[in-house]
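Shown next: coords35.txt, containing compact mmCIF, C-alpha atoms.
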# COMPACT_ATOMS: atom_id res chain seq x y z
CA ASN A 505 -60.36 171.57 -48.40
CA GLU A 506 -59.98 171.91 -44.62
CA GLY A 507 -57.27 174.55 -44.79
CA ARG A 508 -57.46 177.87 -42.98
CA ARG A 509 -58.73 180.70 -45.17
CA SER A 510 -59.79 184.27 -44.81
CA GLU A 511 -63.51 185.01 -44.76
CA ARG A 512 -63.20 186.50 -48.24
CA GLN A 513 -61.39 183.45 -49.63
CA GLY A 514 -63.95 181.13 -48.01
CA ALA A 515 -66.86 183.04 -49.54
CA LYS A 516 -65.25 182.87 -52.99
CA LEU A 517 -64.64 179.12 -52.72
CA LYS A 518 -68.20 178.55 -51.54
CA ARG A 519 -69.54 180.45 -54.57
CA MET A 520 -67.35 178.23 -56.73
CA GLY A 521 -68.99 175.14 -55.25
CA MET A 522 -66.53 173.97 -52.60
CA LEU A 523 -68.25 171.78 -50.05
CA ALA A 524 -66.92 171.22 -46.53
CA GLY A 525 -66.17 167.63 -45.60
CA VAL A 526 -65.66 166.15 -49.07
CA SER A 527 -63.05 163.39 -48.99
CA ASP A 528 -59.51 163.85 -50.33
CA VAL A 529 -59.55 160.94 -52.78
CA PHE A 530 -62.32 159.78 -55.09
CA VAL A 531 -62.08 156.70 -57.30
CA ALA A 532 -64.72 157.31 -59.98
CA LYS A 533 -65.09 153.69 -61.03
CA PRO A 534 -67.90 151.44 -59.90
CA MET A 535 -66.40 148.24 -58.45
CA ARG A 536 -67.66 145.37 -56.37
CA THR A 537 -71.13 146.49 -55.25
CA TYR A 538 -70.19 150.18 -54.90
CA SER A 539 -70.75 153.19 -57.13
CA GLY A 540 -67.29 154.63 -56.35
CA CYS A 541 -64.81 155.04 -53.51
CA PHE A 542 -64.16 158.06 -51.27
CA ILE A 543 -61.12 158.14 -48.97
CA GLU A 544 -60.42 160.77 -46.31
CA LEU A 545 -56.65 160.77 -45.90
CA LYS A 546 -55.18 161.59 -42.49
CA SER A 547 -51.49 162.29 -41.97
CA LEU A 548 -49.21 161.61 -39.05
CA GLN A 549 -49.00 164.68 -36.80
CA LYS A 550 -46.03 165.94 -34.77
CA THR A 551 -47.58 164.22 -31.75
CA GLY A 552 -47.03 160.83 -33.39
CA LYS A 553 -50.79 160.33 -33.86
CA TYR A 554 -52.89 160.60 -36.98
CA GLY A 555 -55.23 163.53 -37.48
CA LYS A 556 -58.91 163.05 -36.73
CA PRO A 557 -61.70 163.59 -39.25
CA THR A 558 -63.90 166.62 -38.71
CA PRO A 559 -67.63 166.27 -38.03
CA ALA A 560 -68.27 167.44 -41.63
CA GLN A 561 -65.93 164.75 -42.99
CA LEU A 562 -67.61 162.03 -40.92
CA ALA A 563 -71.04 163.22 -42.07
CA PHE A 564 -69.90 163.11 -45.71
CA ILE A 565 -68.56 159.56 -45.26
CA ARG A 566 -71.84 158.41 -43.67
CA THR A 567 -73.86 160.01 -46.46
CA MET A 568 -71.76 158.46 -49.22
CA ASN A 569 -71.95 155.02 -47.60
CA ALA A 570 -75.74 155.39 -47.38
CA HIS A 571 -75.86 156.23 -51.11
CA GLY A 572 -74.03 153.12 -52.26
CA TYR A 573 -70.43 154.34 -52.27
CA PHE A 574 -67.56 152.91 -50.28
CA ALA A 575 -66.25 155.71 -48.05
CA THR A 576 -63.66 155.50 -45.29
CA VAL A 577 -60.79 157.19 -43.46
CA ALA A 578 -57.20 156.08 -44.19
CA ASN A 579 -54.43 156.80 -41.71
CA GLY A 580 -51.46 157.52 -43.96
CA LEU A 581 -50.64 157.08 -47.62
CA ASP A 582 -49.77 153.39 -47.28
CA ARG A 583 -53.22 152.65 -45.87
CA CYS A 584 -54.83 154.74 -48.61
CA ILE A 585 -53.04 152.66 -51.24
CA GLU A 586 -54.16 149.43 -49.49
CA VAL A 587 -57.78 150.61 -49.58
CA ILE A 588 -57.54 151.47 -53.29
CA ASP A 589 -55.90 148.11 -54.06
CA TRP A 590 -58.68 146.31 -52.17
CA TYR A 591 -61.39 148.38 -53.85
CA MET A 592 -59.99 147.85 -57.36
CA GLY A 593 -59.35 144.13 -56.72
Full structure transcribed into structure tokens:
Amino acid sequence: NEGRRSERQGAKLKRMGMLAGVSDVFVAKPMRTYSGCFIELKSLQKTGKYGKPTPAQLAFIRTMNAHGYFATVANGLDRCIEVIDWYMG
């Protein structure tokens, strides 16, 4: 979703309903006290540090948390799997 695109490609995706900031992973199963789970996945960069969420991604996470979802950032696939295991447990 956060990839670089031409203006034309961006306009087409917007018409199709793409929304900036939406998390990479969504678990569409209510569990615990949450309506679902959103996870923004960040990968390890060449610098040895994980990527940082964009302002749009952070806003989406805050909004989803406020609406009864569990939403978070996971640094790496292993952490993402840990979050899903916790959520589904």
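Counting from atom CA of A:Val577, the distance to atom CA of A:Met592 is 16.8 Å.
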Would you compute the distance between atom CA of A:Ala570 and atom CA of A:Val529? Give it in Å to one decimal. 17.9 Å
Go through A:Cys541, A:Val526, A:Val587, A:Leu517 and flag the residue nearest A:Phe574, using all atoms listed in the file for the distances.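 Once distances to A:Phe574 are computed over all atoms listed in the file, the minimum belongs to A:Cys541.
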Mind pulling up the distance from atom CA of A:Ala515 to atom CA of A:Leu545? 24.8 Å
If you count all atoms listed in the file, the residue of A:Leu523, A:Leu562, A:Ala575, A:Met568 closest to A:Ile588 turns out to be A:Ala575
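Shortest atom-to-atom contact with A:Glu586 among A:Ile565, A:Met535, A:Ala560, A:Ile543: A:Ile543, counting all atoms listed in the file.
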Skipping near chain neighbours, those fewer than 5 positions away, what residues fall within 12 Å of A:Cys584 using only C-alpha atoms, listed as a PyMOL selection string? chain A and resi 527-531+541-547+575-579+589-591
Residue with the minimum atom-to-atom distance to A:Gly525, picked from A:Ser539, A:Gln549, A:Ser510, A:Gln561 with all atoms listed in the file counted, is A:Gln561
Fewer than 2 positions away in the same chain doesn't count, so skip those; otherwise give me all residues within 6 Å of A:Gly540, counting only C-alpha atoms, as an MDAnalysis selection string. chainID A and resid 531:534 538 573
